[in-house]
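Containing compact mmCIF, C-alpha atoms: input_37.txt.
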# COMPACT_ATOMS: atom_id res chain seq x y z
CA MET A 236 61.94 -36.48 -29.86
CA ALA A 237 58.31 -36.67 -28.82
CA ARG A 238 55.71 -34.32 -30.17
CA LEU A 239 54.76 -31.35 -27.97
CA ASN A 240 51.96 -32.42 -25.63
CA ASP A 241 49.18 -29.85 -26.14
CA SER A 242 46.31 -31.46 -24.17
CA GLY A 243 46.75 -28.82 -21.46
CA GLN A 244 45.26 -26.20 -23.78
CA TRP A 245 41.83 -27.78 -23.22
CA ILE A 246 42.20 -27.40 -19.48
CA VAL A 247 43.12 -23.72 -19.84
CA MET A 248 40.28 -23.02 -22.28
CA MET A 249 37.64 -24.78 -20.17
CA GLY A 250 38.93 -22.95 -17.11
CA PHE A 251 38.48 -19.62 -18.86
CA ILE A 252 35.01 -20.51 -20.20
CA VAL A 253 33.74 -21.63 -16.80
CA SER A 254 35.14 -18.64 -14.97
CA ILE A 255 33.78 -16.19 -17.55
CA ALA A 256 30.36 -17.85 -17.20
CA ILE A 257 30.48 -17.47 -13.41
CA PHE A 258 31.61 -13.87 -13.87
CA LEU A 259 28.63 -13.09 -16.13
CA LEU A 260 26.23 -14.78 -13.70
CA ALA A 261 27.64 -12.64 -10.89
CA LEU A 262 26.99 -9.54 -13.02
CA VAL A 263 23.36 -10.64 -13.43
CA VAL A 264 23.02 -11.13 -9.66
CA ALA A 265 24.48 -7.67 -9.04
CA GLU A 266 22.12 -6.10 -11.59
CA SER A 267 19.03 -7.67 -10.02
CA ALA A 268 19.95 -6.28 -6.62
CA ILE A 269 20.27 -2.77 -8.07
CA VAL A 270 16.94 -3.11 -9.89
CA GLY A 271 15.18 -4.25 -6.71
CA LYS A 272 16.53 -1.28 -4.82
CA THR A 273 15.48 1.32 -7.33
CA THR A 274 12.03 -0.22 -7.76
CA SER A 275 10.94 0.22 -4.15
CA GLU A 276 12.71 3.57 -4.04
CA SER A 277 10.94 4.83 -7.11
CA VAL A 278 7.62 3.66 -5.68
CA LEU A 279 8.34 5.84 -2.66
CA GLU A 280 9.44 8.69 -4.89
CA PHE A 281 6.58 8.61 -7.37
CA PRO A 282 3.79 10.95 -6.15
CA LYS A 283 0.94 8.63 -7.05
CA THR A 284 -1.10 9.32 -3.92
CA ASP A 285 -0.41 13.06 -4.15
CA ILE A 286 -1.96 13.22 -7.61
CA GLN A 287 -4.85 10.96 -6.60
CA ASP A 288 -5.53 13.13 -3.56
CA LEU A 289 -5.49 16.31 -5.61
CA ARG A 290 -7.91 14.85 -8.17
CA SER A 291 -10.28 13.47 -5.54
CA GLU A 292 -10.27 16.78 -3.68
CA LEU A 293 -11.04 18.67 -6.90
CA MET A 294 -13.86 16.24 -7.74
CA GLU A 295 -15.23 16.77 -4.24
CA MET A 296 -15.09 20.54 -4.76
CA ARG A 297 -16.54 20.24 -8.24
CA TRP A 298 -20.12 21.30 -7.49
CA ASP A 299 -19.82 24.35 -5.30
CA LYS A 300 -16.21 25.23 -4.47
CA ILE A 301 -13.94 24.74 -7.45
CA GLU A 302 -14.47 28.22 -8.87
CA THR A 303 -13.73 29.96 -5.56
CA SER A 304 -10.27 31.51 -5.76
CA GLU A 305 -9.79 31.40 -1.96
CA TYR A 306 -9.76 27.59 -1.99
CA GLN A 307 -7.49 27.59 -5.00
CA TYR A 308 -5.00 29.84 -3.17
CA ASP A 309 -5.19 27.42 -0.22
CA ILE A 310 -4.23 24.44 -2.35
CA VAL A 311 -1.60 26.24 -4.47
CA ASN A 312 0.17 27.85 -1.51
CA LEU A 313 0.01 24.83 0.80
CA SER A 314 1.41 22.51 -1.85
CA LEU A 315 4.24 24.94 -2.62
CA GLU A 316 5.13 25.41 1.05
CA ARG A 317 4.62 21.89 2.40
CA LYS A 318 4.94 19.56 -0.60
CA SER A 319 7.41 21.50 -2.79
CA SER A 320 5.14 20.91 -5.73
CA VAL A 321 3.48 23.26 -8.17
CA ILE A 322 -0.25 22.79 -8.55
CA TRP A 323 -2.56 24.72 -10.80
CA TYR A 324 -6.10 24.01 -11.90
CA GLN A 325 -8.45 25.90 -14.15
CA PRO A 326 -12.12 24.99 -14.32
CA ASP A 327 -14.17 25.90 -17.37
CA LEU A 328 -17.68 24.78 -16.55
CA THR A 329 -19.61 27.06 -18.92
CA GLY A 330 -19.05 25.12 -22.15
CA GLU A 331 -21.16 22.30 -23.51
CA VAL A 332 -18.70 19.86 -22.00
CA PRO A 333 -17.48 21.07 -18.58
CA VAL A 334 -13.68 20.87 -18.35
CA ILE A 335 -11.16 21.05 -15.52
CA ASN A 336 -7.50 21.53 -16.42
CA ILE A 337 -5.28 19.99 -13.75
CA HIS A 338 -1.52 20.57 -13.54
CA TYR A 339 0.92 19.01 -11.08
CA ASN A 340 4.72 19.21 -11.01
CA ASN A 341 7.02 18.30 -8.12
CA GLY A 342 10.26 18.69 -10.09
CA ILE A 343 10.59 15.00 -10.86
CA THR A 344 7.13 14.02 -11.98
CA GLU A 345 4.87 16.18 -14.09
CA TYR A 346 1.19 15.47 -14.56
CA ASN A 347 -1.25 17.30 -16.79
CA GLU A 348 -4.85 16.39 -17.28
CA VAL A 349 -7.80 17.87 -19.09
CA TYR A 350 -10.70 16.38 -17.20
CA ALA A 351 -13.85 16.52 -19.33
CA GLU A 352 -17.28 15.64 -18.04
CA TYR A 353 -19.49 13.67 -20.38
CA PHE A 354 -22.87 12.78 -19.02
CA MET B 227 64.83 -32.21 -20.25
CA VAL B 228 62.96 -30.04 -17.82
CA ASN B 229 59.30 -31.02 -17.63
CA ASP B 230 57.36 -27.76 -18.03
CA SER B 231 53.80 -29.12 -18.25
CA GLY B 232 53.15 -27.84 -14.73
CA GLN B 233 53.15 -24.27 -16.09
CA LEU B 234 49.78 -24.91 -17.68
CA TYR B 235 48.27 -25.93 -14.35
CA THR B 236 49.85 -22.94 -12.65
CA ILE B 237 48.45 -20.49 -15.24
CA GLU B 238 45.02 -22.09 -14.96
CA GLY B 239 45.14 -22.01 -11.20
CA VAL B 240 46.14 -18.34 -11.08
CA ALA B 241 43.53 -17.33 -13.68
CA ALA B 242 40.76 -19.25 -11.90
CA ALA B 243 41.76 -17.78 -8.54
CA ILE B 244 41.60 -14.22 -9.90
CA MET B 245 38.21 -14.85 -11.49
CA MET B 246 36.83 -16.38 -8.28
CA VAL B 247 38.09 -13.53 -6.15
CA ILE B 248 36.50 -10.97 -8.51
CA THR B 249 33.26 -12.97 -8.59
CA ALA B 250 33.13 -13.34 -4.82
CA TYR B 251 33.82 -9.61 -4.45
CA LEU B 252 30.98 -8.73 -6.85
CA VAL B 253 28.50 -11.06 -5.18
CA ILE B 254 29.34 -9.94 -1.66
CA SER B 255 29.31 -6.24 -2.53
CA SER B 256 25.97 -6.60 -4.31
CA ALA B 257 24.46 -8.68 -1.50
CA SER B 258 24.97 -5.76 0.89
CA ILE B 259 22.50 -3.74 -1.22
CA PHE B 260 19.72 -6.10 -0.17
CA THR B 261 19.38 -4.57 3.29
CA PRO B 262 18.27 -1.06 2.23
CA GLN B 263 15.97 -2.68 -0.31
CA GLU B 264 14.06 -4.46 2.42
CA LYS B 265 13.99 -1.29 4.49
CA HIS B 266 12.41 0.59 1.58
CA VAL B 267 9.77 -2.08 1.11
CA ALA B 268 8.79 -1.73 4.78
CA GLN B 269 8.66 2.04 4.38
CA MET B 270 6.56 1.66 1.26
CA GLN B 271 4.03 -0.49 3.13
CA LEU B 272 3.99 1.91 6.05
CA GLU B 273 3.32 4.81 3.71
CA GLN B 274 0.50 2.91 2.02
CA LEU B 275 -1.07 1.99 5.35
CA GLY B 276 -0.89 5.51 6.71
CA HIS B 277 -2.32 7.03 3.57
CA ASP B 278 -5.11 4.44 3.31
CA ALA B 279 -6.17 5.31 6.85
CA LEU B 280 -6.32 9.00 5.93
CA VAL B 281 -8.39 8.22 2.83
CA VAL B 282 -10.80 6.16 4.91
CA MET B 283 -11.17 9.09 7.32
CA ASP B 284 -11.65 11.51 4.44
CA THR B 285 -14.52 9.47 2.97
CA PRO B 286 -17.96 10.56 4.21
CA ARG B 287 -20.31 7.81 5.41
CA GLU B 288 -23.03 9.02 3.04
CA ASN B 289 -23.73 11.80 0.58
CA GLY B 290 -23.89 15.27 2.11
CA VAL B 291 -22.35 14.26 5.42
CA GLN B 292 -19.05 15.65 6.71
CA SER B 293 -16.13 13.24 6.64
CA ASN B 294 -14.45 12.21 9.89
CA LEU B 295 -11.25 13.93 8.78
CA SER B 296 -12.79 17.38 8.47
CA LYS B 297 -15.09 16.84 11.46
CA PHE B 298 -12.26 15.85 13.81
CA ILE B 299 -9.88 18.61 12.73
CA SER B 300 -11.18 20.59 15.72
CA ASP B 301 -11.36 17.52 17.99
CA ALA B 302 -7.87 16.11 18.49
CA ASP B 303 -8.94 13.29 20.83
CA SER B 304 -11.48 11.87 18.39
CA PHE B 305 -8.98 12.22 15.55
CA ASN B 306 -6.33 10.37 17.56
CA GLN B 307 -8.75 7.61 18.54
CA THR B 308 -10.03 7.04 14.99
CA TYR B 309 -6.64 7.12 13.35
CA TYR B 310 -5.08 4.92 16.02
CA THR B 311 -7.71 2.24 15.47
CA LEU B 312 -7.42 2.39 11.68
CA VAL B 313 -3.64 2.14 11.67
CA ASN B 314 -2.95 -0.18 14.57
CA ARG B 315 -5.76 -2.71 14.76
CA ARG B 316 -4.68 -6.17 13.70
CA THR B 317 -6.96 -8.88 12.31
CA ASP B 318 -6.97 -10.75 15.64
CA GLY B 319 -8.21 -7.70 17.53
CA THR B 320 -4.91 -6.83 19.22
CA PHE B 321 -3.05 -3.61 18.47
CA ASP B 322 0.16 -2.88 16.61
CA THR B 323 2.83 -0.43 17.81
CA LEU B 324 2.69 2.28 15.17
CA LYS B 325 3.09 5.82 16.40
CA TYR B 326 2.43 9.08 14.63
CA ASN B 327 2.39 12.84 14.78
CA VAL B 328 -0.48 14.68 13.15
CA THR B 329 -0.33 18.32 12.12
CA TYR B 330 -2.58 20.20 9.80
CA TYR B 331 -1.61 23.26 7.81
CA TYR B 332 -3.85 26.04 6.57
CA ARG B 333 -3.44 29.37 4.82
CA GLU B 334 -4.29 32.64 6.46
CA GLY B 335 -3.70 35.54 4.07
CA ASN B 336 -0.14 35.07 2.90
CA ASP B 337 0.93 32.95 5.88
CA ILE B 338 0.91 29.20 6.27
CA LYS B 339 -0.13 28.28 9.79
CA SER B 340 -0.07 24.93 11.51
CA GLU B 341 -2.02 23.25 14.25
CA VAL B 342 -0.78 20.13 16.06
CA LEU B 343 -3.38 17.44 16.62
CA VAL B 344 -1.32 14.52 17.91
CA GLN B 345 2.22 14.75 19.30
CA GLU B 346 4.26 11.67 20.25
CA ASP B 347 7.90 11.50 21.28
CA TYR B 348 9.89 10.97 18.09
CA TYR B 349 13.47 9.71 18.40
CA ARG B 350 14.35 9.77 14.70
CA GLU B 351 13.08 6.32 13.87
CA ASN B 352 12.52 5.47 10.21
CA ALA B 353 9.39 7.46 9.63
CA VAL B 354 7.32 8.20 6.57
CA LYS B 355 5.20 11.25 5.89
CA VAL B 356 1.76 11.01 4.35
CA THR B 357 -0.58 13.86 3.55
CA GLN B 358 -4.20 14.39 2.68
CA TRP B 359 -6.17 17.37 1.38
CA ALA B 360 -9.41 18.10 3.16
CA TYR B 361 -12.02 20.79 2.99
CA VAL B 362 -13.09 21.87 6.47
CA ASP B 363 -16.52 23.38 6.89
CA PRO B 364 -17.12 26.77 8.55
CA PRO B 365 -16.08 28.32 10.89
CA LEU B 366 -12.67 27.46 9.38
CA ASP B 367 -14.00 27.24 5.80
CA LYS B 368 -10.64 26.39 4.22
CA VAL B 369 -8.87 23.65 2.31
CA VAL B 370 -6.29 22.26 4.73
CA LEU B 371 -3.37 19.86 4.34
CA VAL B 372 -3.22 17.13 6.98
CA GLU B 373 0.29 15.76 7.51
CA VAL B 374 0.98 12.54 9.36
CA LEU B 375 4.47 11.40 10.36
CA LEU B 376 4.21 7.66 10.90
CA TRP B 377 6.75 5.24 12.34
CA ARG B 378 7.00 1.84 13.96
CA ASP B 379 7.95 2.02 17.61
Representation of the structure as structure tokens:
Amino acid sequence: MARLNDSGQWIVMMGFIVSIAIFLLALVVAESAIVGKTTSESVLEFPKTDIQDLRSELMEMRWDKIETSEYQYDIVNLSLERKSSVIWYQPDLTGEVPVINIHYNNGITEYNEVYAEYF
Amino acid sequence: MVNDSGQLYTIEGVAAAIMMVITAYLVISSASIFTPQEKHVAQMQLEQLGHDALVVMDTPRENGVQSNLSKFISDADSFNQTYYTLVNRRTDGTFDTLKYNVTYYYREGNDIKSEVLVQEDYYRENAVKVTQWAYVDPPLDKVVLVEVLLWRD
């Protein structure tokens, strides 16, 4: 009797290898779509401009308004009510190096800065 | 004797078919995610544009001069005109179709009050909100928050 013909095993193995390769490629494609989505979403979510605005406003107020508590209440209360974010700043301009402590937190992103002025 | 070599081809065929169906399902289901991605990119650009325009308005022409943003807080028409030009003017001189609502908020004692500067009809298009802090000189003498709701008509 003839020997068992086992050349079909190659066909099965190659079939599996090729389909697993396609499967892995499809996983990569799916991953890239998810990454692209979260990138633009996280750009929208990240409060970059909010923090920049706060800093630029504080720098603008630096010379004559930053130590006035009325303006500080304006910023703190407006940001809580309209932006759902906690802002606090504390100027200490009497030292040798004037310092402004800036704090920002919107629940997702937290930002703390000790702004020191060196001239 | 029964020739059973066809079983190999059948197993291969079935296995390949299952793999291809799973692969096609994965690709198609992931491809549908592309649409919101593009929508977010457009929103991102809209947000950037709207905020840039506010920053331009908040920048004084020279040292010691009031910025347009704080100057026009009491002059809705001038505000509307300036912001419209900044947001809508294209490079060829024609105008885009962006629309917006502008409101500014200020604190009075323990209350937050608002004042509408520009009001357009808004039918729940995909809008973005951008804000800008501004100090407004007396008589108001407050730090206000300018909010712009911006959308493409």
Exercise: Leu371 of chain B partners within 6 Å, all atoms listed in the file, chain neighbours under 3 positions left out, as a list of chain:residue names: B:Tyr330, B:Tyr331, B:Gln358, B:Trp359
message: Considering all atoms listed in the file, can you say which of B:Thr285, B:Gln269, B:Asn327, B:Thr249 comes closest to Asn352 of chain B?
response: B:Gln269
Please build the interface table for chain A against chain B with a cut-off of 7 Å, listing for each qualifying residue the nearest atom pair and the distance in Å to one decimal; count all atoms listed in the file, order rows by chain and increasing number, and write it as a tab-separated table.
residue	atom	partner	partner_atom	distance
A:Gly243	CA	B:Leu234	CA	6.2
A:Val247	CA	B:Glu238	CA	5.5
A:Gly250	CA	B:Glu238	CA	6.5
A:Ser254	CA	B:Met245	CA	6.0
A:Phe258	CA	B:Thr249	CA	5.6
A:Ala261	CA	B:Val253	CA	6.0
A:Ala265	CA	B:Ser256	CA	5.1
A:Ala268	CA	B:Ser256	CA	6.5
A:Gly271	CA	B:Gln263	CA	6.6
A:Lys272	CA	B:Gln263	CA	4.8
A:Ser275	CA	B:Val267	CA	5.9
A:Glu276	CA	B:His266	CA	6.4
A:Leu279	CA	B:Met270	CA	6.0
A:Asp288	CA	B:Gln358	CA	6.5
A:Glu292	CA	B:Trp359	CA	6.5
A:Tyr306	CA	B:Val369	CA	5.9
A:Asp309	CA	B:Arg333	CA	5.7
A:Ile310	CA	B:Val369	CA	6.6
A:Leu313	CA	B:Leu371	CA	7.0
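Each of B:Val247, B:Asp363, B:Thr308, B:Phe321 was checked against Gly290 of chain B using all atoms listed in the file; the smallest atom-to-atom distance is that of B:Asp363.
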message: With all atoms listed in the file as the counted atoms, please give the residues lying no more than 9 Å from Thr329 of chain B, apart from itself and same-chain residues fewer than 3 positions off, as number ranges by chain.
response: B: 340-345, 371-375
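Of the residues under consideration (A:Asp299, A:His338, A:Ser291, A:Gly330), A:His338 shows the shortest atom-to-atom contact distance to Val311 of chain A when counting only C-alpha atoms.
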query: Rounded to one decimal in Å, what is the spacing between atom CA of Tyr348 of chain B and atom CA of Gly319 of chain B?
result: 26.0 Å
task: Provide the atom CA of Glu348 of chain A to atom CA of Lys355 of chain B distance in Å, to one decimal place.
output: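 Value for the atom CA of Glu348 of chain A-atom CA of Lys355 of chain B distance: 25.8 Å.
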query: Do you have the atom CA of Val321 of chain A-atom CA of Ile301 of chain A distance handy?
result: 17.5 Å
Reconstruct N, CA and C atoms of segment 347-368 of chain B; output as a compact mmCIF listing (two decimals), in the frame of the given file.
# COMPACT_ATOMS: atom_id res chain seq x y z
N ASP B 347 6.46 11.32 21.23
CA ASP B 347 7.90 11.50 21.28
C ASP B 347 8.54 10.78 20.10
N TYR B 348 9.30 11.52 19.30
CA TYR B 348 9.89 10.97 18.09
C TYR B 348 11.40 10.99 18.22
N TYR B 349 12.02 9.80 18.24
CA TYR B 349 13.47 9.71 18.40
C TYR B 349 14.16 9.35 17.10
N ARG B 350 13.75 9.94 16.02
CA ARG B 350 14.35 9.77 14.70
C ARG B 350 14.35 8.32 14.24
N GLU B 351 13.25 7.63 14.47
CA GLU B 351 13.08 6.32 13.87
C GLU B 351 12.83 6.50 12.37
N ASN B 352 12.81 5.39 11.64
CA ASN B 352 12.52 5.47 10.21
C ASN B 352 11.04 5.79 10.01
N ALA B 353 10.78 7.03 9.73
CA ALA B 353 9.39 7.46 9.63
C ALA B 353 9.06 7.81 8.19
N VAL B 354 7.78 7.73 7.88
CA VAL B 354 7.32 8.20 6.57
C VAL B 354 6.29 9.30 6.80
N LYS B 355 6.17 10.17 5.78
CA LYS B 355 5.20 11.25 5.89
C LYS B 355 4.11 11.06 4.85
N VAL B 356 2.87 11.10 5.29
CA VAL B 356 1.76 11.01 4.35
C VAL B 356 0.87 12.24 4.55
N THR B 357 0.24 12.66 3.47
CA THR B 357 -0.58 13.86 3.55
C THR B 357 -1.94 13.62 2.92
N GLN B 358 -2.85 14.50 3.24
CA GLN B 358 -4.20 14.39 2.68
C GLN B 358 -4.84 15.78 2.64
N TRP B 359 -5.42 16.12 1.49
CA TRP B 359 -6.17 17.37 1.38
C TRP B 359 -7.54 17.16 2.01
N ALA B 360 -8.06 18.20 2.63
CA ALA B 360 -9.41 18.10 3.16
C ALA B 360 -10.04 19.48 3.20
N TYR B 361 -11.28 19.54 2.81
CA TYR B 361 -12.02 20.79 2.99
C TYR B 361 -12.68 20.74 4.36
N VAL B 362 -12.49 21.81 5.14
CA VAL B 362 -13.09 21.87 6.47
C VAL B 362 -14.19 22.93 6.45
N ASP B 363 -15.35 22.49 6.91
CA ASP B 363 -16.52 23.38 6.89
C ASP B 363 -16.33 24.59 7.79
N PRO B 364 -17.17 25.63 7.64
CA PRO B 364 -17.12 26.77 8.55
C PRO B 364 -17.25 26.28 9.98
N PRO B 365 -16.66 26.98 10.97
CA PRO B 365 -16.08 28.32 10.89
C PRO B 365 -14.71 28.42 10.18
N LEU B 366 -13.98 27.33 10.02
CA LEU B 366 -12.67 27.46 9.38
C LEU B 366 -12.84 27.77 7.89
N ASP B 367 -13.66 27.00 7.21
CA ASP B 367 -14.00 27.24 5.80
C ASP B 367 -12.75 27.37 4.94
N LYS B 368 -11.88 26.36 5.00
CA LYS B 368 -10.64 26.39 4.22
C LYS B 368 -10.33 24.99 3.71
